[in-house]
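**Q** Have a look at this one.
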Amino acid sequence: MKIKLFLSLNLLFLAAVTALGQLTLRVTDIPNNTPPGADIYVAGTFNGWDPGNSGYILENQGGEVYELTFSPSPGALMFKFTRGGWDTVEGNANGAYLPDRTYNYSGGAETLELQILSWEGPTTASNYSVLSQDFFMPQLNRSRRIWLYLPPDYQNSAKDYPVLYMQDGQNVFDPATSFSGEWGVDEALDQLFGEGDEGVIVVAIDNGAGSRIDEYTPWAHPNNGGGQGDAYVNFIVETLKPYIDQNYRTKPGREFTGIMGSSLGGLISFYAAIEHQDIFSKAGVFSASFWFADEVYTHVASTGKEADMRIYMIAGVQEGDPEDYGEQVADMNAMYNTLLSAGFSEEEVLAISHPDGQHSEWYWSREFPDAYQWLYGQMDATGLKESNWEKPLFRAFPNPSDTNFQVITSTPLVNAEYEVISIDGRLVQQRVPFNGKAVEIDRLKAGLYFLRAYSDGKLVGVCKLVRQ
């Protein structure tokens with residue numbers, strides 16, 4: 001009986017040890033600018049994300065090796081390393097925002113070897129500054145902080161430079177002002193300059209916080225408001241750009257002027273580039289909120305191509321909630337088709353999706369250098385990996401027509417449907433299946449209309465119809 005009891009207790013002890021387990025975090029490399037003697041902490045789901053918890057300090061094993069062994073509960077862990085506070089949290093290779101680390105811990109004795117690439121904190125770059133804390137925006141009757149990046153050789157040269165206008169200025173340069181990490185644009189451009197890039201002036205405009213939706217949307221949304229986008233774009237075109245061109249050594253022509261943004265900032269940057277093709281020749285459109293208003297598609301179809309452009313669009317497969325994964329890519333694909341239907345060439349438009357892409361600054365920061373180099377002529381499309389989605393480009397033929405249109409697609413559409421809307425947005429032809437039949441317009445009055453095509457219930461693009 002005593003032997004059985006001993007064995008039972010021993011088994012219970014072993015089961016308890018196994019249940020607790022031990023996870024060892026071993027850091028084998030730390031940034032060169034880590035202060036001597038600095039403590040390195042880990043914060044995560046296992047300690048309430050406390051960045052300075054004394055129970056989670058890694059012990060220096062000599063040199064750059066640090067270790068911590070502890071017993072978290074089995075399951076998915078999320079964590080980051082810090083030097084005791086969120087102002088000194090680890091960053092990515094460019095010193096910008098790094099997404100949370102994740103690890104699926106089984107509950108046993110496991111060791112995880114990791115490297116810390118950088119520490120976030122006040123940037124050491126000296127060639128960006130705040131141009132103005134309260135630059136007046138007469139079109140909106142309000143003021144805004146404006147940031148300015150000058151190329152490393154600006155002060156010691158007589159060169160003129162191209163210009164890039166960027167939205168959400170809080171997130172462009174400085175982690176201390178960013179919402180959830182910075183793009184690290186200054187560090188990225190400094191590195192490219194060191195590799196031979198001619199340099200670019202970057203003008204970054206802070207978003208208006210509570211007025212961000214209003215300013216970044218040209219059309220109002222029934223639930224989310226908005227609609228001041230035209231005034232905001234006019235501020236850039238009529239007030240800010242003339243000021244920059246007058247006070248700095250710029251190349252003011254459209255062929256040297258670009259605009260860029262993400263999310264709603266991507267939407268307004270895209271709109272500005274299409275609306276003002278006389279001002280901009282380049283647009284960086286990251287995870288654009290095309291969902292906000294269908295008018296963005298008809299705006300492209302009605303405006304068409306007025307000048308040579310370069311439009312660089314990206315979207316991540318993992319943007320949004322899991323049940324919505326892929327929607328951002330689908331919206332981008334629809335815009336790609338709309339642009340080509342409107343007359344832009346495949347050489348002018350890139351649409352690239354990334355399986356790991358998320359709606360986050362770390363993703364846009366990572367993709368910024370490629371976008372910049374392609375937009376400003378330092379890289380051709382062969383240096384980029386385009387997404388492998390099929391591009392079901394469609395066109396209406398003949399166009400104009402006085403009877404009906406045939407719809408020609410480059411790849412088959414699944415459960416293809418179409419609808420026709422008027423130039424003022426009214427639905428004049430309810431959505432119906434294609435069924436290989438012509439789009440009948442003999443009942444419509446002469447004028448301009450838009451065909452919206454759908455594949456398996458999703459919008460794949462918009463093209464212009466002219467009824468004679």
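Following the order of the structure tokens, chains are lettered A, B, ..., residues in each are numbered from 1, and ligands are numbered from 1.
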Give me, as a list in words, all polymer residues having an atom no more than 6 Å from Asn404 (chain A), counting only C-alpha atoms and skipping those fewer than 6 positions away in the same chain.
**A**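 My reading of the contact set: Val439, Glu440 and Ile441 of chain A.
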**Q** Those residues with C-alpha atoms, as a PDB file, in the first residue's frame please?
**A**
```pdb
ATOM      1  CA  VAL A 439     -25.471  45.018 -71.923  1.00  0.00           C
ATOM      2  CA  GLU A 440     -28.626  46.581 -73.289  1.00  0.00           C
ATOM      3  CA  ILE A 441     -28.800  50.359 -73.139  1.00  0.00           C
TER       4      ILE A 441
END
```
**Q** For Asp153 (chain A), find every residue with an atom within 12 Å (counting only C-alpha atoms), except residues of its own chain fewer than 4 positions away, and show them as a ChimeraX atom specification.
**A** /A:126-127,149,157-161,190,193-194,196-201
**Q** Counting only C-alpha atoms, which of A:Ala293, A:Val203, A:Met166, A:Leu192 gets nearest to Pro222 (chain A)?
**A**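 The answer is A:Ala293, which sits nearest to Pro222 (chain A).
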**Q** Suppose you want the space between CA of Gln246 (chain A) and CA of Val163 (chain A); what is it in Å?
**A**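 One can read the CA of Gln246 (chain A) to CA of Val163 (chain A) distance as 12.8 Å.
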**Q** If I take CA of Leu25 (chain A) and CA of Ala93 (chain A), how far is one from the other in Å, to one decimal?
**A** 20.0 Å
